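Novice: Data: model02.cif, mmCIF, C-alpha atoms.
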data_final
loop_
_atom_site.label_atom_id
_atom_site.label_comp_id
_atom_site.auth_asym_id
_atom_site.auth_seq_id
_atom_site.Cartn_x
_atom_site.Cartn_y
_atom_site.Cartn_z
CA MET A 1 -1.35 -74.95 -87.21
CA THR A 2 -3.32 -74.11 -84.04
CA PRO A 3 -7.07 -74.27 -84.73
CA CYS A 4 -8.72 -70.85 -84.86
CA PRO A 5 -10.35 -70.14 -81.46
CA LEU A 6 -13.11 -68.12 -83.13
CA CYS A 7 -14.13 -70.90 -85.53
CA GLY A 8 -15.28 -73.29 -82.82
CA PRO A 9 -18.36 -73.19 -80.58
CA VAL A 10 -18.52 -70.96 -77.51
CA PRO A 11 -20.35 -71.65 -74.22
CA SER A 12 -24.00 -70.77 -74.79
CA GLU A 13 -24.17 -68.70 -71.60
CA ILE A 14 -21.88 -66.05 -73.07
CA VAL A 15 -23.80 -65.82 -76.36
CA LEU A 16 -25.94 -62.69 -76.34
CA TRP A 17 -27.37 -62.91 -79.86
CA ARG A 18 -26.68 -64.86 -83.01
CA ASP A 19 -27.86 -65.63 -86.50
CA ALA A 20 -26.44 -67.69 -89.37
CA GLN A 21 -23.78 -65.08 -90.19
CA CYS A 22 -22.51 -63.78 -86.87
CA ARG A 23 -22.73 -63.98 -83.12
CA VAL A 24 -22.40 -61.51 -80.28
CA ILE A 25 -20.72 -62.68 -77.10
CA ASP A 26 -20.14 -61.24 -73.64
CA VAL A 27 -16.35 -60.99 -73.32
CA GLY A 28 -16.67 -61.33 -69.53
CA ASP A 29 -13.88 -58.83 -68.81
CA SER A 30 -14.19 -57.84 -65.13
CA ALA A 31 -12.58 -54.47 -65.94
CA TYR A 32 -15.18 -53.78 -68.64
CA PRO A 33 -18.68 -55.04 -67.82
CA GLY A 34 -20.71 -54.94 -71.04
CA TYR A 35 -17.66 -55.40 -73.29
CA CYS A 36 -18.93 -57.46 -76.25
CA ARG A 37 -17.52 -59.04 -79.37
CA ALA A 38 -19.38 -59.42 -82.64
CA ILE A 39 -17.79 -62.33 -84.49
CA TRP A 40 -18.36 -63.20 -88.14
CA ARG A 41 -19.10 -66.94 -88.51
CA GLU A 42 -16.89 -67.65 -91.47
CA HIS A 43 -13.12 -67.53 -91.09
CA VAL A 44 -12.53 -64.27 -92.96
CA ARG A 45 -9.62 -61.93 -92.37
CA GLU A 46 -10.58 -58.34 -93.21
CA MET A 47 -13.77 -56.30 -93.62
CA SER A 48 -12.83 -55.86 -97.27
CA ASP A 49 -12.81 -59.66 -97.71
CA LEU A 50 -16.58 -59.59 -97.14
CA ALA A 51 -19.07 -58.71 -99.87
CA PRO A 52 -20.53 -55.20 -99.38
CA GLU A 53 -23.88 -56.55 -98.12
CA GLN A 54 -22.06 -58.79 -95.62
CA ARG A 55 -20.05 -55.80 -94.32
CA ASP A 56 -23.29 -53.87 -93.90
CA ARG A 57 -24.88 -56.82 -92.11
CA LEU A 58 -22.02 -57.15 -89.65
CA MET A 59 -21.96 -53.41 -88.98
CA ARG A 60 -25.72 -53.37 -88.36
CA VAL A 61 -25.08 -55.92 -85.62
CA VAL A 62 -22.20 -53.81 -84.23
CA TYR A 63 -24.42 -50.69 -84.19
CA ALA A 64 -27.20 -52.63 -82.44
CA VAL A 65 -24.74 -53.63 -79.72
CA GLU A 66 -23.56 -50.00 -79.47
CA GLU A 67 -27.13 -48.70 -79.19
CA SER A 68 -28.07 -51.36 -76.66
CA LEU A 69 -25.06 -50.61 -74.47
CA ARG A 70 -25.80 -46.89 -74.65
CA ALA A 71 -29.42 -47.51 -73.64
CA LEU A 72 -28.51 -49.83 -70.74
CA LEU A 73 -25.29 -48.34 -69.37
CA GLN A 74 -25.13 -44.69 -70.51
CA PRO A 75 -21.36 -44.86 -71.07
CA GLU A 76 -19.20 -41.78 -71.60
CA LYS A 77 -18.15 -43.22 -74.99
CA ILE A 78 -18.42 -46.35 -77.07
CA ASN A 79 -15.17 -47.74 -78.49
CA LEU A 80 -15.27 -49.91 -81.62
CA ALA A 81 -12.28 -51.79 -82.97
CA THR A 82 -11.33 -54.69 -85.21
CA PHE A 83 -7.69 -55.80 -85.16
CA GLY A 84 -7.24 -59.55 -85.62
CA ASN A 85 -3.46 -59.33 -85.31
CA GLN A 86 -3.41 -62.34 -83.01
CA VAL A 87 -6.54 -64.10 -84.26
CA PRO A 88 -7.11 -63.15 -87.91
CA HIS A 89 -10.79 -64.13 -87.87
CA LEU A 90 -12.99 -61.08 -88.33
CA HIS A 91 -14.43 -59.83 -85.03
CA TRP A 92 -15.37 -56.46 -83.56
CA HIS A 93 -14.75 -55.23 -80.05
CA ILE A 94 -17.58 -53.06 -78.70
CA ILE A 95 -16.58 -51.48 -75.41
CA PRO A 96 -18.57 -49.13 -73.18
CA ARG A 97 -16.17 -46.61 -71.66
CA PHE A 98 -16.52 -44.55 -68.48
CA ARG A 99 -14.47 -41.69 -67.04
CA ASP A 100 -13.48 -43.81 -64.05
CA ASP A 101 -12.71 -47.02 -65.96
CA PRO A 102 -9.18 -48.53 -65.74
CA HIS A 103 -7.78 -46.87 -68.90
CA PHE A 104 -9.90 -43.82 -69.65
CA PRO A 105 -9.24 -41.75 -71.76
CA ASP A 106 -6.72 -44.14 -73.32
CA ALA A 107 -7.54 -47.23 -75.34
CA ILE A 108 -8.16 -50.31 -73.18
CA TRP A 109 -4.98 -51.85 -74.65
CA ALA A 110 -2.82 -49.07 -73.17
CA VAL A 111 -1.21 -49.11 -69.73
CA ARG A 112 -3.76 -49.27 -66.93
CA ARG A 113 -4.30 -46.03 -64.97
CA ARG A 114 -6.59 -47.11 -62.14
CA PRO A 115 -8.33 -50.11 -60.53
CA ASN A 116 -11.59 -51.69 -61.69
CA VAL A 117 -14.88 -50.06 -60.74
CA ASP A 118 -17.86 -52.30 -59.99
CA ARG A 119 -20.64 -51.65 -62.45
CA GLU A 120 -23.88 -53.51 -62.87
CA PHE A 121 -24.29 -55.34 -66.15
CA ARG A 122 -27.09 -57.82 -66.86
CA ARG A 123 -26.70 -60.19 -69.78
CA ASP A 124 -30.45 -60.86 -69.92
CA ALA A 125 -31.18 -57.15 -70.30
CA LEU A 126 -28.65 -56.87 -73.14
CA ARG A 127 -30.10 -59.97 -74.82
CA ARG A 128 -33.55 -58.35 -74.75
CA GLU A 129 -32.21 -55.07 -76.20
CA LEU A 130 -30.43 -56.94 -79.00
CA GLU A 131 -33.51 -59.00 -79.91
CA ARG A 132 -35.60 -55.85 -79.97
CA ARG A 133 -33.19 -54.27 -82.49
CA LEU A 134 -32.10 -57.28 -84.51
CA GLY A 135 -34.94 -59.77 -84.21
CA PRO A 136 -34.82 -63.16 -82.50
CA SER A 137 -31.51 -64.80 -81.77
CA VAL A 138 -31.44 -68.18 -83.52
CA MET B 139 -14.10 -25.11 -73.49
CA THR B 140 -11.18 -25.96 -75.77
CA PRO B 141 -12.27 -25.85 -79.43
CA CYS B 142 -12.54 -29.29 -81.01
CA PRO B 143 -9.33 -29.99 -82.98
CA LEU B 144 -11.27 -32.05 -85.53
CA CYS B 145 -13.79 -29.31 -86.31
CA GLY B 146 -11.21 -26.94 -87.75
CA PRO B 147 -9.32 -27.02 -91.05
CA VAL B 148 -6.27 -29.24 -91.51
CA PRO B 149 -3.19 -28.53 -93.67
CA SER B 150 -4.11 -29.44 -97.24
CA GLU B 151 -0.94 -31.50 -97.71
CA ILE B 152 -2.16 -34.14 -95.27
CA VAL B 153 -5.62 -34.41 -96.83
CA LEU B 154 -5.80 -37.56 -98.95
CA TRP B 155 -9.44 -37.38 -99.99
CA ARG B 156 -12.53 -35.44 -99.00
CA ASP B 157 -16.13 -34.72 -99.81
CA ALA B 158 -18.86 -32.67 -98.12
CA GLN B 159 -19.36 -35.27 -95.37
CA CYS B 160 -15.94 -36.52 -94.45
CA ARG B 161 -12.21 -36.29 -95.05
CA VAL B 162 -9.34 -38.74 -95.00
CA ILE B 163 -6.01 -37.54 -93.66
CA ASP B 164 -2.51 -38.94 -93.43
CA VAL B 165 -1.77 -39.14 -89.70
CA GLY B 166 1.95 -38.77 -90.43
CA ASP B 167 2.98 -41.23 -87.71
CA SER B 168 6.59 -42.20 -88.38
CA ALA B 169 6.01 -45.55 -86.68
CA TYR B 170 3.06 -46.29 -88.98
CA PRO B 171 3.49 -45.04 -92.54
CA GLY B 172 0.09 -45.21 -94.24
CA TYR B 173 -1.85 -44.75 -90.97
CA CYS B 174 -4.93 -42.72 -91.94
CA ARG B 175 -7.91 -41.17 -90.21
CA ALA B 176 -11.35 -40.83 -91.74
CA ILE B 177 -13.05 -37.91 -89.99
CA TRP B 178 -16.74 -37.07 -90.18
CA ARG B 179 -17.23 -33.34 -90.89
CA GLU B 180 -19.95 -32.65 -88.38
CA HIS B 181 -19.18 -32.72 -84.67
CA VAL B 182 -20.94 -36.00 -83.87
CA ARG B 183 -20.04 -38.30 -81.02
CA GLU B 184 -20.94 -41.90 -81.88
CA MET B 185 -21.66 -43.96 -84.99
CA SER B 186 -25.18 -44.44 -83.66
CA ASP B 187 -25.65 -40.65 -83.63
CA LEU B 188 -25.48 -40.75 -87.45
CA ALA B 189 -28.44 -41.68 -89.63
CA PRO B 190 -28.08 -45.20 -91.11
CA GLU B 191 -27.18 -43.85 -94.57
CA GLN B 192 -24.52 -41.59 -93.03
CA ARG B 193 -23.00 -44.53 -91.15
CA ASP B 194 -22.89 -46.49 -94.40
CA ARG B 195 -21.31 -43.56 -96.19
CA LEU B 196 -18.56 -43.18 -93.59
CA MET B 197 -17.86 -46.91 -93.58
CA ARG B 198 -17.63 -46.98 -97.38
CA VAL B 199 -14.86 -44.40 -97.05
CA VAL B 200 -13.17 -46.46 -94.32
CA TYR B 201 -13.34 -49.60 -96.50
CA ALA B 202 -11.91 -47.69 -99.46
CA VAL B 203 -8.95 -46.65 -97.31
CA GLU B 204 -8.54 -50.25 -96.13
CA GLU B 205 -8.63 -51.58 -99.70
CA SER B 206 -6.22 -48.91 -100.94
CA LEU B 207 -3.73 -49.61 -98.15
CA ARG B 208 -3.94 -53.35 -98.85
CA ALA B 209 -3.33 -52.73 -102.54
CA LEU B 210 -0.38 -50.39 -101.95
CA LEU B 211 1.34 -51.83 -98.89
CA GLN B 212 0.26 -55.49 -98.58
CA PRO B 213 0.09 -55.29 -94.78
CA GLU B 214 -0.18 -58.34 -92.56
CA LYS B 215 -3.45 -56.95 -91.17
CA ILE B 216 -5.58 -53.83 -91.24
CA ASN B 217 -6.67 -52.43 -87.89
CA LEU B 218 -9.81 -50.28 -87.68
CA ALA B 219 -10.86 -48.38 -84.57
CA THR B 220 -13.02 -45.51 -83.42
CA PHE B 221 -12.59 -44.35 -79.82
CA GLY B 222 -13.06 -40.61 -79.35
CA ASN B 223 -12.36 -40.78 -75.63
CA GLN B 224 -10.08 -37.75 -75.85
CA VAL B 225 -11.67 -36.03 -78.85
CA PRO B 226 -15.35 -37.01 -79.02
CA HIS B 227 -15.71 -36.06 -82.68
CA LEU B 228 -16.36 -39.14 -84.80
CA HIS B 229 -13.21 -40.38 -86.56
CA TRP B 230 -11.82 -43.75 -87.62
CA HIS B 231 -8.24 -44.94 -87.35
CA ILE B 232 -7.18 -47.13 -90.29
CA ILE B 233 -3.78 -48.68 -89.63
CA PRO B 234 -1.76 -51.02 -91.82
CA ARG B 235 0.03 -53.52 -89.57
CA PHE B 236 3.18 -55.53 -90.24
CA ARG B 237 4.85 -58.37 -88.34
CA ASP B 238 7.89 -56.20 -87.66
CA ASP B 239 6.05 -52.99 -86.73
CA PRO B 240 6.62 -51.46 -83.27
CA HIS B 241 3.65 -53.12 -81.52
CA PHE B 242 2.72 -56.20 -83.54
CA PRO B 243 0.70 -58.28 -82.64
CA ASP B 244 -0.61 -55.89 -79.99
CA ALA B 245 -2.74 -52.83 -80.62
CA ILE B 246 -0.69 -49.73 -81.48
CA TRP B 247 -1.83 -48.17 -78.18
CA ALA B 248 -0.11 -50.91 -76.16
CA VAL B 249 3.48 -50.82 -74.91
CA ARG B 250 6.01 -50.67 -77.75
CA ARG B 251 7.91 -53.90 -78.47
CA ARG B 252 10.49 -52.80 -81.05
CA PRO B 253 11.86 -49.81 -82.99
CA ASN B 254 10.36 -48.28 -86.12
CA VAL B 255 10.99 -49.94 -89.47
CA ASP B 256 11.41 -47.73 -92.52
CA ARG B 257 8.66 -48.42 -95.02
CA GLU B 258 7.89 -46.60 -98.20
CA PHE B 259 4.57 -44.81 -98.30
CA ARG B 260 3.55 -42.35 -101.00
CA ARG B 261 0.67 -40.00 -100.36
CA ASP B 262 0.14 -39.37 -104.06
CA ALA B 263 -0.28 -43.09 -104.73
CA LEU B 264 -2.84 -43.38 -101.92
CA ARG B 265 -4.68 -40.31 -103.21
CA ARG B 266 -4.96 -41.96 -106.63
CA GLU B 267 -6.23 -45.23 -105.13
CA LEU B 268 -8.85 -43.37 -103.09
CA GLU B 269 -10.10 -41.36 -106.06
CA ARG B 270 -10.34 -44.53 -108.11
CA ARG B 271 -12.58 -46.10 -105.43
CA LEU B 272 -14.52 -43.08 -104.17
CA GLY B 273 -14.54 -40.64 -107.04
CA PRO B 274 -12.87 -37.23 -107.12
CA SER B 275 -11.80 -35.54 -103.92
CA VAL B 276 -13.59 -32.20 -103.68
#
Before we go any further, please render this structure as structure tokens.

Specialist:
Amino acid sequence: MTPCPLCGPVPSEIVLWRDAQCRVIDVGDSAYPGYCRAIWREHVREMSDLAPEQRDRLMRVVYAVEESLRALLQPEKINLATFGNQVPHLHWHIIPRFRDDPHFPDAIWAVRRRPNVDREFRRDALRRELERRLGPSV
Amino acid sequence: MTPCPLCGPVPSEIVLWRDAQCRVIDVGDSAYPGYCRAIWREHVREMSDLAPEQRDRLMRVVYAVEESLRALLQPEKINLATFGNQVPHLHWHIIPRFRDDPHFPDAIWAVRRRPNVDREFRRDALRRELERRLGPSV
């Protein structure tokens, strides 16, 4: 068995916010500045494997990332997804989408349509937005 | 302006469950039997455009679909996603995934890897599971 890559620690510079139950990281995808993942701490497979209050907790974090990205980047759309087909450890993709991004209007997992566009994204600004909505990162 | 395809009525045979706020439909994708969409009634763009109690309501419906599909089909994974890049009217994709499905382990929007597999899916059974979890469809 390969150890689960989402169970271990991640470099602190990519952590945007965390508490005892989940963490938000900067995916660091050069095609999608601002693309984040919200990862549940425990190795759990599906949303419906969480207790209802845990589901709500995780989604409140996902919505805070969505709201923060909207405030900072004014994207055309926010895309939210949880798959876990390759890594069955519950995590959400939160992706700001723009009309000129490499796959718009398709999903980012579809065939690329165009080259990357440079777009400013500042981790420190996103960290501040997340702390404002969720309280201190611990 | 093209009218929004998710604002209008849908054929009643594909409706699996509904209430005043949202409806669940059978997508009818022959590659993905059991693939459902949960569609918010109102023409709203993002999850964060809903009030917190509306977000929770929609997600409770999404989780009920997830749980029902797990109970009926025992998929390898459930995939959940909301994009709205093409139709910016809030809707969730709920997709049961199997190791031999056309795109596994990739997202279903990626390049196809293999042909469809026949898999039994009964709308009436899913309707019963949804009513058991969510109450009567109205």

Novice: For the file shown, report as a list in words the outcome of the PyMOL selection byres ((chain B) within 7 of (chain A)) at residue level.

Specialist: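 Given this file, the PyMOL selection byres ((chain B) within 7 of (chain A)) evaluates to Ser186, Tyr201, Glu205, Lys215, Ile216, Asn217, Leu218, Ala219, Thr220, Phe221, Asn223, Gln224, Pro243, Asp244, Ala245, Trp247, Ala248 and Val249 of chain B.
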
Novice: Could you list, as number ranges by chain, every residue within 6 Å of region 16-24 of chain A, counting all atoms listed in the file and ignoring same-chain residues fewer than 5 positions away?

Specialist: A: 37-41, 127, 137-138

Novice: Written as a VMD selection string, which residues does the PyMOL selection byres ((chain A and resi 27) around 12) give for the file shown?

Specialist: chain A and resid 10 to 11 13 to 16 24 to 26 28 to 39 91 to 95 123

Novice: Would you please work out which residue, of B:Asp256, B:His181, B:Thr140, B:Val199, is nearest to Glu269 (chain B) when using only C-alpha atoms?

Specialist: B:Val199

Novice: To test your reading of the syntax: which residues would the PyMOL selection byres ((chain B and resi 264) around 8) return for the file shown? Reply as a PyMOL selection string.

Specialist: chain B and resi 154+206-207+210+260-263+265-268

Novice: Provide the CA of Leu228 (chain B) to CA of Gln74 (chain A) distance in Å, to one decimal place.

Specialist: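 Calculated distance between CA of Leu228 (chain B) and CA of Gln74 (chain A) is 17.7 Å.
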
Novice: To one decimal place in Å, what is the distance between CA of Arg271 (chain B) and CA of Pro143 (chain B)?

Specialist: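 Distance reported for this atom pair: 27.8 Å.
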
Novice: Do you have the CA of Asn116 (chain A)-CA of Pro96 (chain A) distance handy?

Specialist: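 It comes out at 13.7 Å.
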
Novice: Compile the contact shell of Pro115 (chain A) as a VMD selection string: residues with an atom at most 10 Å away, counting all atoms listed in the file, same-chain residues fewer than 4 positions apart removed.

Specialist: chain A and resid 31 100 to 103
